[in-house]
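The next block is coords_17.cif, given as mmCIF, C-alpha atoms and all ligand atoms.
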```cif
data_protein
loop_
_atom_site.label_atom_id
_atom_site.label_comp_id
_atom_site.auth_asym_id
_atom_site.auth_seq_id
_atom_site.Cartn_x
_atom_site.Cartn_y
_atom_site.Cartn_z
CA MET O 24 -42.36 78.42 -135.71
CA THR O 25 -39.31 76.15 -135.92
CA GLN O 26 -39.95 72.42 -136.29
CA GLU O 27 -38.22 69.22 -135.27
CA LYS O 28 -38.88 65.49 -134.87
CA ALA O 29 -38.17 63.22 -131.91
CA GLU O 30 -38.73 59.57 -131.14
CA VAL O 31 -39.02 60.04 -127.39
CA LEU O 32 -39.83 63.47 -126.03
CA ILE O 33 -39.60 63.81 -122.24
CA LEU O 34 -41.30 66.73 -120.53
CA GLY O 35 -39.96 67.49 -117.06
CA SER O 36 -36.62 67.01 -115.33
CA GLY O 37 -37.27 65.61 -111.84
CA PRO O 38 -36.39 62.04 -110.83
CA ALA O 39 -39.13 60.63 -113.10
CA GLY O 40 -38.02 62.54 -116.20
CA TYR O 41 -34.31 61.84 -115.73
CA THR O 42 -34.85 58.15 -115.00
CA ALA O 43 -36.96 57.86 -118.16
CA ALA O 44 -34.13 59.66 -119.98
CA ILE O 45 -31.44 57.29 -118.66
CA TYR O 46 -33.42 54.22 -119.76
CA ALA O 47 -34.46 55.66 -123.13
CA ALA O 48 -30.92 56.89 -123.89
CA ARG O 49 -29.36 53.55 -122.99
CA ALA O 50 -31.92 51.87 -125.26
CA GLY O 51 -30.61 53.99 -128.15
CA LEU O 52 -33.82 56.01 -128.51
CA LYS O 53 -32.05 59.40 -128.49
CA PRO O 54 -34.47 61.04 -126.08
CA LEU O 55 -35.04 64.78 -126.15
CA MET O 56 -35.89 66.44 -122.84
CA TYR O 57 -37.35 69.83 -122.06
CA GLN O 58 -36.68 70.63 -118.44
CA GLY O 59 -39.75 72.71 -117.69
CA GLY O 60 -40.19 75.66 -115.36
CA GLN O 61 -38.20 74.22 -112.46
CA PRO O 62 -35.14 72.40 -113.86
CA GLY O 63 -34.42 69.42 -111.60
CA GLY O 64 -37.92 69.51 -110.14
CA GLN O 65 -39.09 69.76 -106.55
CA LEU O 66 -35.89 68.27 -105.08
CA THR O 67 -34.02 71.40 -106.07
CA ILE O 68 -35.90 73.29 -103.37
CA THR O 69 -35.13 70.80 -100.59
CA THR O 70 -31.92 70.45 -98.62
CA ASP O 71 -30.87 67.05 -97.23
CA VAL O 72 -32.26 63.92 -98.87
CA GLU O 73 -31.67 60.95 -96.60
CA ASN O 74 -34.23 58.45 -97.82
CA TYR O 75 -33.09 57.93 -101.41
CA PRO O 76 -31.38 54.53 -101.53
CA GLY O 77 -27.74 54.55 -102.52
CA TYR O 78 -26.67 57.62 -100.55
CA PRO O 79 -25.69 56.27 -97.11
CA GLU O 80 -24.62 59.71 -95.90
CA GLY O 81 -27.57 61.52 -97.52
CA ILE O 82 -27.20 64.14 -100.21
CA GLN O 83 -28.41 67.66 -100.93
CA GLY O 84 -31.47 67.71 -103.20
CA PRO O 85 -29.93 70.02 -105.84
CA GLU O 86 -26.73 67.94 -105.89
CA MET O 87 -28.68 64.74 -106.37
CA MET O 88 -30.51 66.23 -109.34
CA GLU O 89 -27.15 67.29 -110.81
CA ASP O 90 -26.11 63.63 -110.56
CA PHE O 91 -29.33 62.56 -112.32
CA ARG O 92 -28.63 65.08 -115.07
CA LYS O 93 -25.01 64.00 -115.56
CA GLN O 94 -25.98 60.35 -115.65
CA ALA O 95 -28.63 60.93 -118.33
CA GLU O 96 -26.34 63.17 -120.41
CA ARG O 97 -23.55 60.59 -120.24
CA PHE O 98 -25.77 58.33 -122.34
CA GLY O 99 -26.54 61.07 -124.84
CA LEU O 100 -29.68 62.80 -123.56
CA ASP O 101 -30.43 65.90 -125.62
CA ASN O 102 -31.26 68.09 -122.63
CA ARG O 103 -32.73 71.54 -123.12
CA TYR O 104 -34.28 74.40 -121.22
CA GLY O 105 -37.83 75.14 -122.22
CA MET O 106 -41.40 74.68 -121.26
CA ALA O 107 -44.16 72.85 -123.11
CA THR O 108 -46.89 75.42 -123.68
CA LYS O 109 -49.36 73.55 -125.93
CA VAL O 110 -49.95 70.01 -127.14
CA ASP O 111 -51.91 68.23 -129.83
CA PHE O 112 -52.13 64.51 -129.19
CA SER O 113 -54.63 63.73 -131.94
CA ILE O 114 -52.33 61.88 -134.37
CA PRO O 115 -50.65 58.66 -133.16
CA MET O 116 -46.87 58.59 -133.80
CA ALA O 117 -47.05 62.33 -134.58
CA HIS O 118 -47.85 63.99 -131.28
CA LYS O 119 -47.21 67.70 -131.39
CA VAL O 120 -45.75 69.65 -128.49
CA ILE O 121 -45.04 73.36 -128.71
CA ILE O 122 -42.13 74.61 -126.62
CA ASP O 123 -42.21 78.19 -125.31
CA GLY O 124 -44.80 79.06 -127.94
CA SER O 125 -42.21 79.02 -130.71
CA HIS O 126 -40.77 75.56 -131.40
CA GLU O 127 -42.85 72.59 -132.54
CA ILE O 128 -41.73 69.02 -131.85
CA THR O 129 -43.44 66.13 -133.59
CA ALA O 130 -42.83 63.09 -131.40
CA SER O 131 -43.54 59.39 -131.84
CA THR O 132 -43.84 59.04 -128.08
CA VAL O 133 -44.16 61.54 -125.26
CA VAL O 134 -43.20 60.86 -121.65
CA ILE O 135 -44.93 63.27 -119.31
CA ALA O 136 -42.94 63.88 -116.13
CA THR O 137 -44.10 67.40 -115.42
CA GLY O 138 -44.56 66.75 -111.69
CA ALA O 139 -46.64 68.61 -109.19
CA SER O 140 -46.09 71.74 -107.19
CA ALA O 141 -46.81 72.00 -103.49
CA LYS O 142 -49.25 74.73 -102.62
CA TRP O 143 -47.93 77.34 -100.23
CA LEU O 144 -49.55 79.87 -97.94
CA GLY O 145 -47.91 82.73 -99.80
CA LEU O 146 -46.08 84.34 -96.88
CA GLU O 147 -42.75 86.03 -97.46
CA SER O 148 -41.29 84.36 -94.33
CA GLU O 149 -42.47 80.95 -95.52
CA GLN O 150 -40.63 81.39 -98.81
CA ARG O 151 -37.49 82.76 -97.18
CA LEU O 152 -37.23 79.86 -94.71
CA ASN O 153 -38.12 77.18 -97.24
CA GLY O 154 -35.55 74.42 -96.75
CA TYR O 155 -34.46 76.01 -93.46
CA GLY O 156 -37.22 74.72 -91.24
CA VAL O 157 -40.13 75.22 -93.60
CA SER O 158 -41.08 72.16 -95.62
CA ALA O 159 -43.95 70.78 -97.66
CA CYS O 160 -42.97 67.16 -97.05
CA ALA O 161 -43.05 65.60 -93.58
CA VAL O 162 -41.86 62.23 -94.83
CA CYS O 163 -38.80 63.91 -96.41
CA ASP O 164 -37.90 66.32 -93.64
CA GLY O 165 -39.63 65.21 -90.40
CA PHE O 166 -36.57 63.29 -89.30
CA PHE O 167 -34.58 66.53 -88.91
CA PHE O 168 -37.01 67.66 -86.20
CA ARG O 169 -37.05 64.58 -84.02
CA GLY O 170 -37.59 65.39 -80.37
CA GLN O 171 -38.61 68.95 -81.24
CA ASP O 172 -41.90 70.89 -81.46
CA VAL O 173 -43.30 71.49 -84.94
CA ALA O 174 -46.40 72.91 -86.61
CA ILE O 175 -48.27 71.65 -89.64
CA VAL O 176 -50.84 73.62 -91.62
CA GLY O 177 -53.75 71.87 -93.32
CA ALA O 178 -56.80 69.80 -92.57
CA GLY O 179 -56.98 67.30 -95.40
CA ASP O 180 -55.89 63.66 -95.52
CA THR O 181 -52.30 64.63 -96.29
CA ALA O 182 -52.07 66.98 -93.31
CA CYS O 183 -53.55 64.34 -91.01
CA GLU O 184 -51.27 61.62 -92.34
CA GLU O 185 -48.22 63.87 -92.03
CA ALA O 186 -49.21 65.13 -88.56
CA HIS O 187 -49.47 61.52 -87.45
CA TYR O 188 -46.11 60.72 -89.03
CA LEU O 189 -44.52 63.73 -87.28
CA SER O 190 -46.10 62.80 -83.94
CA LYS O 191 -43.97 59.67 -83.85
CA LEU O 192 -40.75 61.65 -84.31
CA CYS O 193 -41.43 64.96 -82.65
CA LYS O 194 -42.19 65.97 -79.09
CA LYS O 195 -45.27 67.95 -80.03
CA VAL O 196 -47.16 68.73 -83.22
CA PHE O 197 -49.43 71.77 -83.52
CA MET O 198 -51.97 71.26 -86.26
CA LEU O 199 -53.18 74.59 -87.66
CA VAL O 200 -56.65 74.26 -89.19
CA ARG O 201 -58.13 77.34 -90.82
CA ARG O 202 -61.82 76.43 -90.35
CA ASP O 203 -63.65 74.86 -87.42
CA GLU O 204 -63.56 71.44 -89.05
CA PHE O 205 -61.38 69.05 -90.99
CA ARG O 206 -61.64 68.21 -94.66
CA ALA O 207 -59.98 64.83 -94.09
CA SER O 208 -61.79 61.51 -94.01
CA LEU O 209 -63.24 60.56 -90.64
CA ILE O 210 -60.73 57.84 -89.93
CA MET O 211 -57.80 60.20 -90.48
CA GLN O 212 -59.41 62.83 -88.26
CA GLN O 213 -59.94 60.26 -85.54
CA ARG O 214 -56.34 59.19 -85.75
CA VAL O 215 -54.97 62.69 -85.14
CA LYS O 216 -57.54 63.42 -82.44
CA ALA O 217 -56.50 60.25 -80.62
CA THR O 218 -52.80 61.14 -80.70
CA SER O 219 -51.81 62.72 -77.42
CA ASN O 220 -48.94 64.87 -78.69
CA ILE O 221 -50.94 66.45 -81.52
CA GLU O 222 -52.68 69.67 -80.50
CA ILE O 223 -55.29 70.78 -83.01
CA LEU O 224 -55.88 74.52 -83.24
CA PHE O 225 -59.08 75.20 -85.17
CA ASN O 226 -59.96 78.58 -86.71
CA THR O 227 -56.28 79.32 -86.90
CA GLU O 228 -54.26 81.02 -89.60
CA THR O 229 -50.56 81.75 -89.82
CA VAL O 230 -49.48 85.37 -89.74
CA GLU O 231 -45.75 84.77 -90.07
CA VAL O 232 -43.10 82.11 -89.69
CA LEU O 233 -40.45 83.45 -87.33
CA GLY O 234 -36.68 83.16 -87.64
CA GLU O 235 -33.72 84.42 -89.65
CA ASP O 236 -31.57 81.40 -90.57
CA GLY O 237 -33.96 78.77 -89.25
CA VAL O 238 -37.45 78.54 -87.81
CA ILE O 239 -37.80 79.59 -84.17
CA GLY O 240 -41.58 79.96 -84.01
CA ALA O 241 -44.79 80.91 -85.76
CA LYS O 242 -47.14 83.80 -85.17
CA ILE O 243 -50.70 82.56 -85.47
CA ARG O 244 -54.11 84.24 -85.32
CA ASN O 245 -57.51 83.00 -84.24
CA THR O 246 -59.80 83.87 -87.15
CA ILE O 247 -62.80 84.46 -84.85
CA SER O 248 -61.34 86.34 -81.87
CA LYS O 249 -58.46 87.82 -83.97
CA GLU O 250 -56.21 87.07 -81.02
CA GLU O 251 -52.59 86.52 -82.03
CA LYS O 252 -50.00 84.36 -80.30
CA ILE O 253 -46.62 82.82 -80.89
CA ILE O 254 -46.00 79.10 -80.79
CA ASP O 255 -42.43 77.93 -80.25
CA VAL O 256 -41.66 75.52 -83.04
CA THR O 257 -38.49 74.72 -84.98
CA GLY O 258 -40.20 73.06 -87.93
CA PHE O 259 -43.09 74.44 -89.97
CA PHE O 260 -44.81 72.07 -92.37
CA VAL O 261 -47.29 73.07 -95.01
CA ALA O 262 -49.70 70.37 -96.19
CA ILE O 263 -52.43 72.24 -98.01
CA GLY O 264 -52.38 70.20 -101.18
CA HIS O 265 -50.45 69.84 -104.40
CA GLN O 266 -51.22 71.00 -107.88
CA PRO O 267 -50.16 68.59 -110.63
CA ASN O 268 -48.61 70.41 -113.57
CA THR O 269 -50.95 68.97 -116.16
CA GLN O 270 -53.15 71.87 -117.27
CA ILE O 271 -51.81 71.88 -120.85
CA PHE O 272 -52.97 68.26 -121.35
CA ASP O 273 -56.56 69.06 -120.52
CA GLY O 274 -58.84 67.95 -123.34
CA TYR O 275 -56.53 65.10 -124.42
CA LEU O 276 -55.56 63.12 -121.35
CA THR O 277 -57.89 61.64 -118.78
CA MET O 278 -57.27 63.11 -115.35
CA ASP O 279 -59.05 63.09 -112.02
CA GLU O 280 -60.84 66.13 -110.64
CA ALA O 281 -57.62 67.42 -109.05
CA GLY O 282 -55.75 67.15 -112.37
CA TYR O 283 -53.67 64.01 -111.74
CA LEU O 284 -53.19 62.06 -114.97
CA GLU O 285 -54.78 58.65 -115.07
CA THR O 286 -52.63 55.72 -116.11
CA GLU O 287 -53.52 52.09 -116.62
CA LYS O 288 -52.90 50.02 -113.53
CA GLY O 289 -49.39 48.60 -113.52
CA SER O 290 -48.29 50.71 -116.47
CA SER O 291 -47.51 54.29 -117.46
CA ARG O 292 -49.96 54.30 -120.38
CA THR O 293 -52.41 57.16 -120.58
CA ASN O 294 -55.62 57.07 -122.60
CA ILE O 295 -53.67 58.31 -125.66
CA GLU O 296 -51.54 55.86 -127.60
CA GLY O 297 -47.83 56.68 -127.35
CA VAL O 298 -48.24 59.11 -124.45
CA PHE O 299 -46.92 57.89 -121.11
CA ALA O 300 -47.09 59.53 -117.71
CA CYS O 301 -44.86 59.10 -114.68
CA GLY O 302 -43.90 60.78 -111.41
CA ASP O 303 -46.01 63.17 -109.42
CA ALA O 304 -48.07 64.28 -112.42
CA GLN O 305 -49.87 60.94 -112.04
CA ASP O 306 -49.22 60.03 -108.39
CA LYS O 307 -51.09 61.71 -105.60
CA ILE O 308 -50.44 58.98 -103.07
CA TYR O 309 -46.70 58.28 -102.71
CA ARG O 310 -45.01 61.36 -104.20
CA GLN O 311 -41.49 60.26 -103.32
CA ALA O 312 -38.34 60.72 -105.39
CA VAL O 313 -37.76 57.00 -105.46
CA THR O 314 -41.29 56.12 -106.58
CA ALA O 315 -41.11 58.86 -109.22
CA ALA O 316 -37.83 57.42 -110.48
CA GLY O 317 -39.37 53.94 -110.59
CA SER O 318 -42.32 55.15 -112.61
CA GLY O 319 -39.96 57.02 -114.97
CA CYS O 320 -38.27 53.72 -115.68
CA MET O 321 -41.68 52.18 -116.43
CA ALA O 322 -42.51 55.01 -118.84
CA ALA O 323 -39.25 54.60 -120.78
CA LEU O 324 -39.73 50.83 -121.03
CA ASP O 325 -43.35 51.29 -122.12
CA ALA O 326 -42.27 53.80 -124.79
CA GLU O 327 -39.49 51.51 -125.99
CA ARG O 328 -41.85 48.55 -126.31
CA TYR O 329 -44.48 50.68 -128.02
CA LEU O 330 -41.95 51.89 -130.59
CA ALA O 331 -40.77 48.34 -131.19
CA GLY O 332 -44.35 47.23 -131.77
CA LYS O 333 -44.05 44.96 -128.76
CA ASP O 334 -46.52 46.62 -126.47
CA LEU O 335 -47.15 44.06 -123.77
CA HIS O 336 -50.39 45.52 -122.47
P1 LIG O 401 -56.93 68.60 -99.85
O1 LIG O 401 -57.19 69.53 -100.98
O2 LIG O 401 -57.84 67.46 -99.61
O3 LIG O 401 -56.86 69.43 -98.50
C1 LIG O 401 -56.17 70.64 -98.42
C2 LIG O 401 -56.36 71.18 -97.02
O4 LIG O 401 -55.55 72.33 -96.89
C3 LIG O 401 -57.80 71.57 -96.70
O5 LIG O 401 -58.13 71.20 -95.40
C4 LIG O 401 -57.76 73.09 -96.83
O6 LIG O 401 -58.61 73.75 -95.95
C5 LIG O 401 -56.36 73.40 -96.40
N1 LIG O 401 -55.90 74.64 -97.01
C6 LIG O 401 -55.89 74.98 -98.32
N2 LIG O 401 -55.37 76.21 -98.48
C7 LIG O 401 -55.08 76.66 -97.24
C8 LIG O 401 -54.53 77.86 -96.75
N3 LIG O 401 -54.17 78.85 -97.57
N4 LIG O 401 -54.36 77.98 -95.40
C9 LIG O 401 -54.69 76.99 -94.57
N5 LIG O 401 -55.23 75.81 -94.97
C10 LIG O 401 -55.41 75.66 -96.30
O7 LIG O 401 -55.39 68.11 -100.09
P2 LIG O 401 -54.65 66.82 -99.54
O8 LIG O 401 -53.25 66.96 -100.03
O9 LIG O 401 -54.85 66.66 -98.10
O10 LIG O 401 -55.31 65.61 -100.31
C11 LIG O 401 -55.37 65.55 -101.74
C12 LIG O 401 -56.11 64.30 -102.16
O11 LIG O 401 -55.33 63.14 -101.86
C13 LIG O 401 -57.43 64.13 -101.44
O12 LIG O 401 -58.35 63.58 -102.32
C14 LIG O 401 -57.11 63.16 -100.34
O13 LIG O 401 -58.23 62.43 -99.89
C15 LIG O 401 -56.07 62.27 -101.01
N6 LIG O 401 -55.19 61.65 -100.02
C16 LIG O 401 -55.54 60.44 -99.51
C17 LIG O 401 -54.75 59.85 -98.56
C18 LIG O 401 -55.15 58.54 -98.01
O14 LIG O 401 -56.22 58.10 -98.31
N7 LIG O 401 -54.33 57.93 -97.21
C19 LIG O 401 -53.50 60.46 -98.06
C20 LIG O 401 -53.26 61.74 -98.66
C21 LIG O 401 -54.08 62.29 -99.59
P3 LIG O 401 -60.22 73.77 -96.14
O15 LIG O 401 -60.67 72.41 -95.69
O16 LIG O 401 -60.62 74.86 -95.25
O17 LIG O 401 -60.46 74.04 -97.59
#
```

Mind converting the file's structure to structure tokens?
Amino acid sequence: MTQEKAEVLILGSGPAGYTAAIYAARAGLKPLMYQGGQPGGQLTITTDVENYPGYPEGIQGPEMMEDFRKQAERFGLDNRYGMATKVDFSIPMAHKVIIDGSHEITASTVVIATGASAKWLGLESEQRLNGYGVSACAVCDGFFFRGQDVAIVGAGDTACEEAHYLSKLCKKVFMLVRRDEFRASLIMQQRVKATSNIEILFNTETVEVLGEDGVIGAKIRNTISKEEKIIDVTGFFVAIGHQPNTQIFDGYLTMDEAGYLETEKGSSRTNIEGVFACGDAQDKIYRQAVTAAGSGCMAALDAERYLAGKDLH
């Protein structure tokens, strides 16, 4: 196993990781980043980003992440491919992170920006049309379907919130619920039930998303009667939950039952000294590029102050 030391080790390369890198690099901390399994993060699988401030004409997700990368590297980020596969956070100022099972970094501070991954139904058509009418983020992509008919899969709070959001932009929203009841809190259920342009289809599963270059419909099946039908929609949203990429920290870092890392209110500090968390790995509520970037800035500032012995918390 090869070995190396770092002052600030950043895991993950989405908006949170790169923003932490920009701040840490400009503070002269010589950050080292490992990009993880999806270099650039979730934005690399979206198309237009129109809600990130500073891009009046919008920008493509992959292009924006290229800009993040270039900006961080301009200030000297040591940016590498690789995936953290094991950690040992038992010794303060000497946290160990193994990369790809073969390289051991001993880091004074670790910034965790490993993000979360949207869960998908697992259909070939869903994957093929991802970014071309299929989306896991109504807030990001709903705008492109204004005045049109769309479908959203899921029955939790996120699905209800996103269905309600879409109902204000779209002509009609089909909500595809796999059981005969919601999982969402009562108030969220009531909100979608009271919205006239949301049609809830219970006991409904998706057979296939239809279309070649863009979505033109969805083939759905009633799980009781097995009857199949096609709904004409141009947008197909999947809101069946996210999985934070935090499994390797289990046993060291405090997380909630879904695996989101817990941080102190108003800070990026985890329960382990010198380990900071930002972005979607610790945020199940907002999950936006801009909030991830903001929390990445917090993590870098927290790490800098910790290293300087000026921890303000
Ligand atoms: P949840 O895990 O709560 O819900 C996931 C939903 O997706 C469930 O209804 C589930 O169905 C459905 N689902 C899962 N897999 C499939 C599948 N293969 N096909 C069809 N449907 C599927 O995730 P959420 O993202 O909704 O919420 C995560 C957490 O965040 C929750 O604790 C939630 O309360 C919280 N949250 C709170 C908000 C708020 O308070 N404003 C807003 C958003 C989230 P089934 O019920 O049948 O298992």

Using all atoms listed in the file, what does the table of chain O residues within 7 Å of ligand LIG 401 (chain O) look like, with each row giving the shortest atom pair and its distance in Å to one decimal, sorted by chain and ascending number, as a Markdown table?
```
| residue | atom | partner | partner_atom | distance |
| --- | --- | --- | --- | --- |
| O:Trp143 | CA | O:LIG401 | N3 | 6.9 |
| O:Leu144 | CA | O:LIG401 | N3 | 4.7 |
| O:Val176 | CA | O:LIG401 | C9 | 5.9 |
| O:Gly177 | CA | O:LIG401 | O4 | 4.0 |
| O:Ala178 | CA | O:LIG401 | O5 | 3.4 |
| O:Gly179 | CA | O:LIG401 | O9 | 3.5 |
| O:Asp180 | CA | O:LIG401 | O9 | 4.1 |
| O:Thr181 | CA | O:LIG401 | O9 | 3.7 |
| O:Ala182 | CA | O:LIG401 | O9 | 5.5 |
| O:Glu184 | CA | O:LIG401 | C19 | 6.2 |
| O:Val200 | CA | O:LIG401 | N5 | 6.2 |
| O:Arg201 | CA | O:LIG401 | C9 | 5.1 |
| O:Arg202 | CA | O:LIG401 | O16 | 5.3 |
| O:Phe205 | CA | O:LIG401 | O15 | 5.8 |
| O:Arg206 | CA | O:LIG401 | O15 | 4.4 |
| O:Ala207 | CA | O:LIG401 | O2 | 6.5 |
| O:Ser208 | CA | O:LIG401 | O13 | 6.9 |
| O:Glu228 | CA | O:LIG401 | C9 | 6.4 |
| O:Ala262 | CA | O:LIG401 | O4 | 6.2 |
| O:Ile263 | CA | O:LIG401 | O4 | 3.3 |
| O:Gly264 | CA | O:LIG401 | O8 | 3.5 |
| O:His265 | CA | O:LIG401 | O8 | 5.9 |
| O:Lys307 | CA | O:LIG401 | O11 | 5.8 |
| O:Ile308 | CA | O:LIG401 | C20 | 5.9 |
```

>> Counting all atoms listed in the file, which residue out of O:Pro85, O:Gly59, O:Gly240, O:Gly105 sits closest to Lys252 in chain O?
In response: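 Nearest to Lys252 in chain O: O:Gly240.
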
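A straight line drawn from CA of Ser219 in chain O to CA of Ser190 in chain O is 8.7 Å long.
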
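Proximity of O:Ala107, O:Gln213, O:Ala136, O:Ser36 to Glu89 in chain O, computed with all atoms listed in the file, is greatest for O:Ser36.
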
Using all atoms listed in the file, tabulate the residues of range 147-181 of chain O lying at most 12 Å from any atom of range 65-79 of chain O, each with its closest atom pair and that distance in Å to one decimal, by chain and increasing residue number, as a Markdown table.
```
| residue | atom | partner | partner_atom | distance |
| --- | --- | --- | --- | --- |
| O:Gln150 | CA | O:Ile68 | CA | 10.4 |
| O:Arg151 | CA | O:Ile68 | CA | 11.4 |
| O:Leu152 | CA | O:Ile68 | CA | 11.0 |
| O:Asn153 | CA | O:Ile68 | CA | 7.6 |
| O:Gly154 | CA | O:Thr69 | CA | 5.3 |
| O:Tyr155 | CA | O:Thr70 | CA | 8.0 |
| O:Gly156 | CA | O:Thr70 | CA | 10.0 |
| O:Val157 | CA | O:Thr69 | CA | 9.7 |
| O:Ser158 | CA | O:Thr69 | CA | 7.9 |
| O:Ala159 | CA | O:Thr69 | CA | 9.3 |
| O:Cys160 | CA | O:Thr69 | CA | 9.3 |
| O:Ala161 | CA | O:Thr69 | CA | 11.8 |
| O:Val162 | CA | O:Asn74 | CA | 9.0 |
| O:Cys163 | CA | O:Val72 | CA | 7.0 |
| O:Asp164 | CA | O:Asp71 | CA | 7.9 |
| O:Gly165 | CA | O:Glu73 | CA | 11.0 |
| O:Phe166 | CA | O:Glu73 | CA | 9.1 |
| O:Phe167 | CA | O:Asp71 | CA | 9.1 |
```

> By how many Å are CA of Ser125 in chain O and CA of Tyr275 in chain O apart?
Replying inline: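 Answer for the CA of Ser125 in chain O to CA of Tyr275 in chain O separation: 20.9 Å.
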
>> List as JSON, numbers by chain the residues having at least one atom at most 8 Å from position (-44.3, 64.5, -122.4) as given in the file, counting only C-alpha atoms.
In response: {"O": [32, 33, 34, 35, 132, 133, 134, 135, 136, 137, 298, 299, 300]}

> Which of these, O:Glu327, O:Asp90, O:Glu231, O:Glu80, has the shortest distance to Phe259 in chain O once you count only C-alpha atoms?
Replying inline: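 Closest to Phe259 in chain O, using only C-alpha atoms: O:Glu231.
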
> Looking at O:Phe197, O:Phe112, O:Tyr41, O:Phe260, which one is nearest to Glu149 in chain O, with distances taken over all atoms listed in the file?
Replying inline: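 Among O:Phe197, O:Phe112, O:Tyr41, O:Phe260, it is O:Phe260 that comes nearest to Glu149 in chain O.
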
> Within 12 Å of range 283-287 of chain O, counting all atoms listed in the file, which residues qualify if same-chain residues fewer than 6 places away don't, as number ranges by chain?
Replying inline: O: 135-140, 265-277, 293-296, 298-308, 310, 318, 321-322, 325, 336

> When you draw a straight line from CA of Glu127 in chain O to CA of Thr25 in chain O, how long is it in Å?
Replying inline: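 Interatomic distance here is 6.1 Å.
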
> With distances taken over only C-alpha atoms, which of O:Ala174, O:Ala95, O:Ala186, O:Leu199 is nearest to Ile239 in chain O?
Replying inline: O:Ala174

> Do you know which residues are at most 8 Å from Ala48 in chain O counting only C-alpha atoms, after dropping those on the same chain fewer than 3 positions away, and could you put them as a PyMOL selection string?
Replying inline: chain O and resi 44-45+51-54+95+98-100

Atoms to include: C-alpha atoms. Write the selected residues as a PDB file, keeping the file's coordinate frame.
```pdb
ATOM      1  CA  ALA O  44     -34.130  59.660-119.980  1.00  0.00           C
ATOM      2  CA  ILE O  45     -31.440  57.290-118.660  1.00  0.00           C
ATOM      3  CA  GLY O  51     -30.610  53.990-128.150  1.00  0.00           C
ATOM      4  CA  LEU O  52     -33.820  56.010-128.510  1.00  0.00           C
ATOM      5  CA  LYS O  53     -32.050  59.400-128.490  1.00  0.00           C
ATOM      6  CA  PRO O  54     -34.470  61.040-126.080  1.00  0.00           C
ATOM      7  CA  ALA O  95     -28.630  60.930-118.330  1.00  0.00           C
ATOM      8  CA  PHE O  98     -25.770  58.330-122.340  1.00  0.00           C
ATOM      9  CA  GLY O  99     -26.540  61.070-124.840  1.00  0.00           C
ATOM     10  CA  LEU O 100     -29.680  62.800-123.560  1.00  0.00           C
TER      11      LEU O 100
END
```
